[in-house]
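Raw run12.pdb, PDB, C-alpha atoms:
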```pdb
ATOM      1  CA  MET A   1       0.000   0.000   0.000  1.00  0.00           C
ATOM      2  CA  SER A   2       1.232   3.421  -0.948  1.00  0.00           C
ATOM      3  CA  GLN A   3       2.470   5.751   1.782  1.00  0.00           C
ATOM      4  CA  GLU A   4       2.674   8.644  -0.659  1.00  0.00           C
ATOM      5  CA  PHE A   5       0.322  11.614  -0.627  1.00  0.00           C
ATOM      6  CA  SER A   6      -1.095  13.048  -3.837  1.00  0.00           C
ATOM      7  CA  ALA A   7      -2.755  16.426  -4.423  1.00  0.00           C
ATOM      8  CA  SER A   8      -5.609  14.493  -6.040  1.00  0.00           C
ATOM      9  CA  GLN A   9      -6.569  13.258  -2.560  1.00  0.00           C
ATOM     10  CA  ILE A  10      -7.585  16.781  -1.467  1.00  0.00           C
ATOM     11  CA  VAL A  11     -11.380  17.142  -1.598  1.00  0.00           C
ATOM     12  CA  TYR A  12     -11.643  20.506   0.232  1.00  0.00           C
ATOM     13  CA  GLU A  13      -9.175  23.179   1.240  1.00  0.00           C
ATOM     14  CA  ASP A  14      -9.232  26.779   2.422  1.00  0.00           C
ATOM     15  CA  ASN A  15      -7.088  28.854   4.802  1.00  0.00           C
ATOM     16  CA  HIS A  16      -8.333  26.910   7.817  1.00  0.00           C
ATOM     17  CA  LEU A  17      -9.112  23.341   6.731  1.00  0.00           C
ATOM     18  CA  LEU A  18      -7.740  20.564   4.593  1.00  0.00           C
ATOM     19  CA  ILE A  19      -9.963  17.538   4.005  1.00  0.00           C
ATOM     20  CA  ILE A  20      -8.530  14.544   2.213  1.00  0.00           C
ATOM     21  CA  ASN A  21      -9.756  11.242   0.824  1.00  0.00           C
ATOM     22  CA  LYS A  22      -7.494   8.749   2.587  1.00  0.00           C
ATOM     23  CA  LYS A  23      -6.484   5.607   0.762  1.00  0.00           C
ATOM     24  CA  ALA A  24      -6.764   2.307   2.595  1.00  0.00           C
ATOM     25  CA  GLY A  25      -3.423   1.520   4.235  1.00  0.00           C
ATOM     26  CA  GLN A  26      -2.407   5.131   4.782  1.00  0.00           C
ATOM     27  CA  LEU A  27      -1.695   6.079   8.380  1.00  0.00           C
ATOM     28  CA  VAL A  28      -3.397   9.276   9.581  1.00  0.00           C
ATOM     29  CA  GLN A  29      -0.977   9.815  12.469  1.00  0.00           C
ATOM     30  CA  GLY A  30       2.331   8.264  13.538  1.00  0.00           C
ATOM     31  CA  ASP A  31       2.196   4.996  15.472  1.00  0.00           C
ATOM     32  CA  LYS A  32       4.507   2.255  16.759  1.00  0.00           C
ATOM     33  CA  THR A  33       5.094   0.912  13.220  1.00  0.00           C
ATOM     34  CA  GLY A  34       7.260   3.935  12.504  1.00  0.00           C
ATOM     35  CA  ASP A  35       5.710   4.243   9.038  1.00  0.00           C
ATOM     36  CA  MET A  36       5.412   7.721   7.563  1.00  0.00           C
ATOM     37  CA  SER A  37       2.026   9.227   8.452  1.00  0.00           C
ATOM     38  CA  LEU A  38      -0.249  11.427   6.378  1.00  0.00           C
ATOM     39  CA  LEU A  39       0.239  14.194   8.935  1.00  0.00           C
ATOM     40  CA  GLU A  40       3.943  14.384   8.042  1.00  0.00           C
ATOM     41  CA  LEU A  41       3.416  13.747   4.334  1.00  0.00           C
ATOM     42  CA  ILE A  42       0.837  16.547   4.035  1.00  0.00           C
ATOM     43  CA  LYS A  43       3.003  18.969   6.018  1.00  0.00           C
ATOM     44  CA  ASP A  44       5.828  18.289   3.586  1.00  0.00           C
ATOM     45  CA  PHE A  45       3.469  18.640   0.623  1.00  0.00           C
ATOM     46  CA  ILE A  46       2.178  22.050   1.822  1.00  0.00           C
ATOM     47  CA  LYS A  47       5.681  23.297   2.625  1.00  0.00           C
ATOM     48  CA  LYS A  48       6.841  22.543  -0.916  1.00  0.00           C
ATOM     49  CA  ARG A  49       3.661  23.610  -2.705  1.00  0.00           C
ATOM     50  CA  ASP A  50       3.318  26.931  -0.877  1.00  0.00           C
ATOM     51  CA  GLU A  51       7.087  27.481  -0.606  1.00  0.00           C
ATOM     52  CA  LYS A  52       6.856  28.024   3.150  1.00  0.00           C
ATOM     53  CA  PRO A  53      10.208  28.824   4.791  1.00  0.00           C
ATOM     54  CA  GLY A  54       9.265  27.702   8.304  1.00  0.00           C
ATOM     55  CA  ASN A  55       7.358  24.850   9.893  1.00  0.00           C
ATOM     56  CA  VAL A  56       3.859  24.079   8.643  1.00  0.00           C
ATOM     57  CA  PHE A  57       1.065  23.938  11.230  1.00  0.00           C
ATOM     58  CA  LEU A  58      -1.273  21.004  10.694  1.00  0.00           C
ATOM     59  CA  GLY A  59      -3.490  19.428  13.326  1.00  0.00           C
ATOM     60  CA  LEU A  60      -5.368  16.140  13.076  1.00  0.00           C
ATOM     61  CA  VAL A  61      -9.026  16.615  14.002  1.00  0.00           C
ATOM     62  CA  HIS A  62     -10.145  12.955  14.045  1.00  0.00           C
ATOM     63  CA  ARG A  63      -8.884   9.516  13.021  1.00  0.00           C
ATOM     64  CA  ILE A  64     -10.029   6.653  10.863  1.00  0.00           C
ATOM     65  CA  ASP A  65      -8.520   3.172  10.960  1.00  0.00           C
ATOM     66  CA  ARG A  66      -5.539   2.386   8.756  1.00  0.00           C
ATOM     67  CA  PRO A  67      -7.299  -0.222   6.557  1.00  0.00           C
ATOM     68  CA  THR A  68     -10.275   2.127   6.085  1.00  0.00           C
ATOM     69  CA  SER A  69     -10.539   4.702   3.296  1.00  0.00           C
ATOM     70  CA  GLY A  70     -12.303   8.055   3.152  1.00  0.00           C
ATOM     71  CA  LEU A  71     -12.545  11.507   4.645  1.00  0.00           C
ATOM     72  CA  VAL A  72     -10.105  12.877   7.208  1.00  0.00           C
ATOM     73  CA  ILE A  73     -10.045  16.507   8.408  1.00  0.00           C
ATOM     74  CA  TYR A  74      -6.824  18.351   9.176  1.00  0.00           C
ATOM     75  CA  ALA A  75      -6.756  21.889  10.602  1.00  0.00           C
ATOM     76  CA  LYS A  76      -4.353  24.450   9.130  1.00  0.00           C
ATOM     77  CA  THR A  77      -4.722  26.920  12.011  1.00  0.00           C
ATOM     78  CA  SER A  78      -4.770  26.495  15.784  1.00  0.00           C
ATOM     79  CA  LYS A  79      -8.113  28.336  15.948  1.00  0.00           C
ATOM     80  CA  ALA A  80      -9.715  25.859  13.577  1.00  0.00           C
ATOM     81  CA  LEU A  81      -8.171  22.903  15.421  1.00  0.00           C
ATOM     82  CA  THR A  82      -9.470  24.055  18.811  1.00  0.00           C
ATOM     83  CA  ARG A  83     -12.978  24.660  17.505  1.00  0.00           C
ATOM     84  CA  LEU A  84     -13.169  21.443  15.479  1.00  0.00           C
ATOM     85  CA  THR A  85     -11.889  19.354  18.382  1.00  0.00           C
ATOM     86  CA  GLN A  86     -14.672  20.770  20.530  1.00  0.00           C
ATOM     87  CA  MET A  87     -17.204  20.100  17.764  1.00  0.00           C
ATOM     88  CA  VAL A  88     -16.118  16.460  17.659  1.00  0.00           C
ATOM     89  CA  LYS A  89     -16.601  16.191  21.445  1.00  0.00           C
ATOM     90  CA  ASN A  90     -20.044  17.795  21.129  1.00  0.00           C
ATOM     91  CA  ARG A  91     -20.964  15.417  18.271  1.00  0.00           C
ATOM     92  CA  GLU A  92     -21.456  18.335  15.897  1.00  0.00           C
ATOM     93  CA  LEU A  93     -19.699  16.556  13.024  1.00  0.00           C
ATOM     94  CA  ARG A  94     -22.065  14.181  11.281  1.00  0.00           C
ATOM     95  CA  LYS A  95     -20.157  11.251   9.805  1.00  0.00           C
ATOM     96  CA  THR A  96     -21.617   8.850   7.256  1.00  0.00           C
ATOM     97  CA  TYR A  97     -19.800   5.683   6.223  1.00  0.00           C
ATOM     98  CA  TRP A  98     -20.357   3.104   3.508  1.00  0.00           C
ATOM     99  CA  ALA A  99     -19.579  -0.530   4.251  1.00  0.00           C
ATOM    100  CA  ILE A 100     -19.705  -3.689   2.144  1.00  0.00           C
ATOM    101  CA  THR A 101     -20.707  -6.897   3.916  1.00  0.00           C
ATOM    102  CA  ALA A 102     -21.756 -10.366   2.815  1.00  0.00           C
ATOM    103  CA  ARG A 103     -25.393 -10.497   1.753  1.00  0.00           C
ATOM    104  CA  GLU A 104     -27.421 -11.648   4.740  1.00  0.00           C
ATOM    105  CA  MET A 105     -31.059 -11.515   5.842  1.00  0.00           C
ATOM    106  CA  ILE A 106     -31.063  -8.484   8.112  1.00  0.00           C
ATOM    107  CA  PRO A 107     -33.566  -5.660   8.695  1.00  0.00           C
ATOM    108  CA  HIS A 108     -33.394  -3.047   5.908  1.00  0.00           C
ATOM    109  CA  SER A 109     -32.600  -0.351   8.475  1.00  0.00           C
ATOM    110  CA  GLN A 110     -31.748  -0.628  12.147  1.00  0.00           C
ATOM    111  CA  ARG A 111     -30.417   1.452  15.033  1.00  0.00           C
ATOM    112  CA  LEU A 112     -27.804  -0.491  16.954  1.00  0.00           C
ATOM    113  CA  VAL A 113     -27.020   0.226  20.600  1.00  0.00           C
ATOM    114  CA  HIS A 114     -24.133  -1.710  22.130  1.00  0.00           C
ATOM    115  CA  TYR A 115     -21.451  -1.185  24.760  1.00  0.00           C
ATOM    116  CA  LEU A 116     -17.827  -1.323  23.602  1.00  0.00           C
ATOM    117  CA  GLN A 117     -14.679  -1.875  25.599  1.00  0.00           C
ATOM    118  CA  LYS A 118     -11.272  -1.426  23.989  1.00  0.00           C
ATOM    119  CA  ASN A 119      -8.558  -3.987  24.678  1.00  0.00           C
ATOM    120  CA  GLU A 120      -5.239  -2.134  24.396  1.00  0.00           C
ATOM    121  CA  LYS A 121      -3.188  -5.338  24.064  1.00  0.00           C
ATOM    122  CA  THR A 122      -5.156  -6.775  21.147  1.00  0.00           C
ATOM    123  CA  ASN A 123      -6.231  -3.389  19.708  1.00  0.00           C
ATOM    124  CA  LYS A 124      -9.740  -4.749  19.441  1.00  0.00           C
ATOM    125  CA  ALA A 125     -13.148  -3.776  20.802  1.00  0.00           C
ATOM    126  CA  THR A 126     -15.275  -6.213  22.785  1.00  0.00           C
ATOM    127  CA  VAL A 127     -19.016  -5.738  22.291  1.00  0.00           C
ATOM    128  CA  PHE A 128     -21.616  -6.136  25.015  1.00  0.00           C
ATOM    129  CA  SER A 129     -25.394  -6.022  24.573  1.00  0.00           C
ATOM    130  CA  LYS A 130     -25.998  -4.518  28.026  1.00  0.00           C
ATOM    131  CA  PRO A 131     -24.234  -1.805  30.064  1.00  0.00           C
ATOM    132  CA  THR A 132     -20.966  -3.188  31.412  1.00  0.00           C
ATOM    133  CA  ALA A 133     -18.253  -1.709  33.602  1.00  0.00           C
ATOM    134  CA  ALA A 134     -15.623   0.152  31.530  1.00  0.00           C
ATOM    135  CA  ALA A 135     -17.653  -0.280  28.323  1.00  0.00           C
ATOM    136  CA  LYS A 136     -18.919   2.818  26.497  1.00  0.00           C
ATOM    137  CA  GLU A 137     -22.333   3.183  24.893  1.00  0.00           C
ATOM    138  CA  SER A 138     -21.999   2.949  21.115  1.00  0.00           C
ATOM    139  CA  ILE A 139     -24.792   3.886  18.728  1.00  0.00           C
ATOM    140  CA  LEU A 140     -25.135   3.771  14.959  1.00  0.00           C
ATOM    141  CA  THR A 141     -27.919   3.454  12.404  1.00  0.00           C
ATOM    142  CA  TYR A 142     -27.413   1.463   9.235  1.00  0.00           C
ATOM    143  CA  THR A 143     -29.518   1.256   6.053  1.00  0.00           C
ATOM    144  CA  VAL A 144     -29.040  -1.246   3.239  1.00  0.00           C
ATOM    145  CA  ILE A 145     -28.791   0.989   0.155  1.00  0.00           C
ATOM    146  CA  LYS A 146     -27.742  -1.550  -2.489  1.00  0.00           C
ATOM    147  CA  THR A 147     -27.904  -5.320  -2.864  1.00  0.00           C
ATOM    148  CA  LEU A 148     -25.526  -7.214  -5.141  1.00  0.00           C
ATOM    149  CA  GLU A 149     -25.372 -10.933  -5.885  1.00  0.00           C
ATOM    150  CA  ASN A 150     -23.212 -11.875  -2.917  1.00  0.00           C
ATOM    151  CA  TYR A 151     -22.789  -8.591  -1.079  1.00  0.00           C
ATOM    152  CA  GLN A 152     -24.743  -5.653   0.260  1.00  0.00           C
ATOM    153  CA  LEU A 153     -23.857  -1.981   0.677  1.00  0.00           C
ATOM    154  CA  LEU A 154     -24.726  -0.316   3.961  1.00  0.00           C
ATOM    155  CA  GLU A 155     -24.899   3.398   4.698  1.00  0.00           C
ATOM    156  CA  ILE A 156     -24.031   4.053   8.332  1.00  0.00           C
ATOM    157  CA  ASP A 157     -24.701   7.147  10.412  1.00  0.00           C
ATOM    158  CA  LEU A 158     -22.612   7.334  13.584  1.00  0.00           C
ATOM    159  CA  GLU A 159     -24.028   8.809  16.764  1.00  0.00           C
ATOM    160  CA  THR A 160     -20.913   8.010  18.797  1.00  0.00           C
ATOM    161  CA  GLY A 161     -17.285   7.623  17.780  1.00  0.00           C
ATOM    162  CA  ARG A 162     -15.801   4.625  19.562  1.00  0.00           C
ATOM    163  CA  HIS A 163     -12.701   2.590  18.748  1.00  0.00           C
ATOM    164  CA  HIS A 164     -13.512   0.214  15.841  1.00  0.00           C
ATOM    165  CA  GLN A 165     -17.186   0.947  16.464  1.00  0.00           C
ATOM    166  CA  ILE A 166     -18.664   0.146  13.034  1.00  0.00           C
ATOM    167  CA  ARG A 167     -16.449  -2.901  12.597  1.00  0.00           C
ATOM    168  CA  ALA A 168     -17.325  -4.314  16.011  1.00  0.00           C
ATOM    169  CA  GLN A 169     -21.055  -3.573  15.953  1.00  0.00           C
ATOM    170  CA  LEU A 170     -21.639  -5.011  12.480  1.00  0.00           C
ATOM    171  CA  SER A 171     -19.670  -8.109  13.450  1.00  0.00           C
ATOM    172  CA  LYS A 172     -21.837  -8.453  16.561  1.00  0.00           C
ATOM    173  CA  ILE A 173     -25.006  -8.752  14.438  1.00  0.00           C
ATOM    174  CA  GLY A 174     -23.397 -11.276  12.086  1.00  0.00           C
ATOM    175  CA  ILE A 175     -22.280  -9.106   9.175  1.00  0.00           C
ATOM    176  CA  PRO A 176     -18.546  -8.372   9.504  1.00  0.00           C
ATOM    177  CA  ILE A 177     -17.166  -5.923   6.959  1.00  0.00           C
ATOM    178  CA  LYS A 178     -15.649  -7.529   3.879  1.00  0.00           C
ATOM    179  CA  GLY A 179     -11.929  -8.137   4.421  1.00  0.00           C
ATOM    180  CA  ASP A 180     -12.040  -7.463   8.170  1.00  0.00           C
ATOM    181  CA  LEU A 181     -10.353 -10.588   9.534  1.00  0.00           C
ATOM    182  CA  LYS A 182     -10.027  -9.034  12.997  1.00  0.00           C
ATOM    183  CA  TYR A 183     -13.809  -8.960  13.346  1.00  0.00           C
ATOM    184  CA  GLY A 184     -14.734 -12.231  11.717  1.00  0.00           C
ATOM    185  CA  ALA A 185     -14.606 -11.806   7.938  1.00  0.00           C
ATOM    186  CA  PRO A 186     -13.798 -15.178   6.311  1.00  0.00           C
ATOM    187  CA  ARG A 187     -11.005 -13.846   4.101  1.00  0.00           C
ATOM    188  CA  SER A 188      -8.878 -10.730   3.628  1.00  0.00           C
ATOM    189  CA  ASN A 189      -9.048  -8.277   0.743  1.00  0.00           C
ATOM    190  CA  ALA A 190      -6.179  -8.649  -1.729  1.00  0.00           C
ATOM    191  CA  ASP A 191      -4.775  -5.197  -0.883  1.00  0.00           C
ATOM    192  CA  GLY A 192      -5.104  -5.584   2.894  1.00  0.00           C
ATOM    193  CA  SER A 193      -7.945  -3.069   3.096  1.00  0.00           C
ATOM    194  CA  ILE A 194     -11.344  -3.523   4.681  1.00  0.00           C
ATOM    195  CA  SER A 195     -14.419  -2.463   2.687  1.00  0.00           C
ATOM    196  CA  LEU A 196     -15.272   0.514   4.893  1.00  0.00           C
ATOM    197  CA  HIS A 197     -15.253   4.049   3.492  1.00  0.00           C
ATOM    198  CA  ALA A 198     -15.764   7.352   5.336  1.00  0.00           C
ATOM    199  CA  ARG A 199     -18.144   8.673   2.693  1.00  0.00           C
ATOM    200  CA  GLU A 200     -19.577  11.987   3.912  1.00  0.00           C
ATOM    201  CA  LEU A 201     -19.055  14.734   6.477  1.00  0.00           C
ATOM    202  CA  LYS A 202     -21.602  17.373   7.432  1.00  0.00           C
ATOM    203  CA  PHE A 203     -20.612  20.214   9.741  1.00  0.00           C
ATOM    204  CA  VAL A 204     -20.521  23.965  10.204  1.00  0.00           C
ATOM    205  CA  HIS A 205     -17.201  25.527   9.192  1.00  0.00           C
ATOM    206  CA  PRO A 206     -15.460  26.490  12.458  1.00  0.00           C
ATOM    207  CA  VAL A 207     -14.502  29.956  11.215  1.00  0.00           C
ATOM    208  CA  THR A 208     -16.761  31.017   8.324  1.00  0.00           C
ATOM    209  CA  LYS A 209     -19.846  29.260   9.802  1.00  0.00           C
ATOM    210  CA  GLU A 210     -20.724  27.946   6.354  1.00  0.00           C
ATOM    211  CA  ASN A 211     -22.666  24.656   6.245  1.00  0.00           C
ATOM    212  CA  LEU A 212     -20.371  22.103   4.624  1.00  0.00           C
ATOM    213  CA  ILE A 213     -21.261  18.755   3.075  1.00  0.00           C
ATOM    214  CA  ILE A 214     -18.140  16.937   1.892  1.00  0.00           C
ATOM    215  CA  VAL A 215     -18.345  13.660  -0.065  1.00  0.00           C
ATOM    216  CA  ALA A 216     -15.393  11.361  -0.758  1.00  0.00           C
ATOM    217  CA  PRO A 217     -15.147   9.520  -4.093  1.00  0.00           C
ATOM    218  CA  LEU A 218     -15.134   5.728  -3.697  1.00  0.00           C
ATOM    219  CA  PRO A 219     -11.870   3.754  -3.857  1.00  0.00           C
ATOM    220  CA  GLN A 220     -10.637   3.317  -7.413  1.00  0.00           C
ATOM    221  CA  ASN A 221      -9.517   0.119  -9.168  1.00  0.00           C
ATOM    222  CA  ASP A 222     -11.898  -1.975  -7.091  1.00  0.00           C
ATOM    223  CA  ALA A 223     -14.619  -3.830  -9.007  1.00  0.00           C
ATOM    224  CA  LEU A 224     -16.897  -4.223  -5.989  1.00  0.00           C
ATOM    225  CA  TRP A 225     -16.837  -0.542  -5.064  1.00  0.00           C
ATOM    226  CA  ALA A 226     -17.414   0.260  -8.737  1.00  0.00           C
ATOM    227  CA  ALA A 227     -20.480  -2.004  -8.727  1.00  0.00           C
ATOM    228  CA  CYS A 228     -21.789  -0.188  -5.653  1.00  0.00           C
ATOM    229  CA  LYS A 229     -21.980   3.160  -7.426  1.00  0.00           C
ATOM    230  CA  GLU A 230     -23.564   1.866 -10.635  1.00  0.00           C
TER
END
```
Whole structure given in structure tokens:
Amino acid sequence: MSQEFSASQIVYEDNHLLIINKKAGQLVQGDKTGDMSLLELIKDFIKKRDEKPGNVFLGLVHRIDRPTSGLVIYAKTSKALTRLTQMVKNRELRKTYWAITAREMIPHSQRLVHYLQKNEKTNKATVFSKPTAAAKESILTYTVIKTLENYQLLEIDLETGRHHQIRAQLSKIGIPIKGDLKYGAPRSNADGSISLHARELKFVHPVTKENLIIVAPLPQNDALWAACKE
């Protein structure tokens, strides 16, 4: 998987924000692997593009998992970062994901309420059906928006933002995301991705107060994602 950043990944930019369409496998922020993160790659990109003599300020507003693709917001000013971080805490960023799962008999639309506990050693979330000590309430609503021969496409609206929330909750109801071995998928995707895409963001611009709706194009060179948008 490529650890390079391309200008074509930018879906929105102004003086305060930079929103990119992350490729599966790209790391949003440095971790113990030591691999180059998008935070550093984008800083370097801006420094060269804008011919900045000093350090480039760039703050990560939220994360998505490494094998996931889709929208990630970075703040270009400290004011924007402070306000966006608070908006995330207040659940004022509406995040919509698309996920591909095996075709199963499930309700067309359903609101899922579970309780998730993160295991730091395994980097995995354990899902409980009832309130449990140290587990956090996790809520999402999914809708089946397309049915293919062997797969189905779900649109997911998040009410909370827990560690591996979508992956864990869908696995709990018997529909792990395609390619997600960690949460019970039968086989991996060829490129190491999971078929989960941060599709849309809706929020009020932290500085201009403009209502923004940002949509990320689907992953390219993938026949199943291509079939989902037909």
Draw an axis-aligned box over all listed atoms of segment 80-90 of chain A, pad each side with 8 Å, and write its centre and edge lengths in Å, one decimal, as lines of an AutoDock Vina configuration file.
```
center_x = -14.1
center_y = 21.0
center_z = 17.5
size_x = 27.9
size_y = 25.7
size_z = 23.9
```
Residue contacts of segment 157-160 of chain A (6 Å, only C-alpha atoms) excluding same-chain residues fewer than 2 positions away, as a ChimeraX atom specification
/A:95-96,138-141
Need the shell around Ile73 of chain A: protein/DNA/RNA residues with any atom at most 10 Å away, counting only C-alpha atoms. Skip same-chain ones fewer than 2 positions apart. Format as a list in words?
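Skipping anything fewer than 2 positions along the chain leaves Tyr12, Glu13, Leu17, Leu18, Ile19, Ile20, Asn21, Val28, Gly59, Leu60, Val61, His62, Arg63, Leu71, Ala75, Lys76, Leu81, Leu84 and Leu201 of chain A.
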Apply the PyMOL selection byres ((chain A and resi 174-190) around 9) to the file shown and report the selected residues as a PyMOL selection string.
chain A and resi 67+99-104+106+124+151+166-173+191-196
Atom CA of Thr77 of chain A to atom CA of Asp65 of chain A: how many Å, to one decimal?
24.1 Å
Between atom CA of Val88 of chain A and atom CA of Gly30 of chain A, distance in Å (one decimal)
20.6 Å
Expressed in Å, the length from atom CA of Val207 of chain A to atom CA of Arg66 of chain A is 29.1 Å
Could you expand the PyMOL selection byres ((chain A and resi 110) around 8) into the explicit residues it covers here, written as a list in words?
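With the PyMOL selection byres ((chain A and resi 110) around 8) on this model, the match is Pro107, His108, Ser109, Arg111, Leu112, Thr141, Tyr142 and Thr143 of chain A.
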Apply the PyMOL selection byres ((chain A and resi 146) around 10) to the displayed file and report the matching residues as a ChimeraX atom specification.
/A:100,143-145,147-148,151-155,227-230
Counting all atoms listed in the file, which of A:Gln117, A:Asn211, A:Asn123, A:Gln165 gets nearest to Glu92 of chain A?
A:Asn211
Nearest to Pro217 of chain A: which of A:Gln26, A:Asn150, A:Ser69, A:Asn55 is it, counting all atoms listed in the file?
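Of A:Gln26, A:Asn150, A:Ser69, A:Asn55, the one nearest Pro217 of chain A is A:Ser69, counting all atoms listed in the file.
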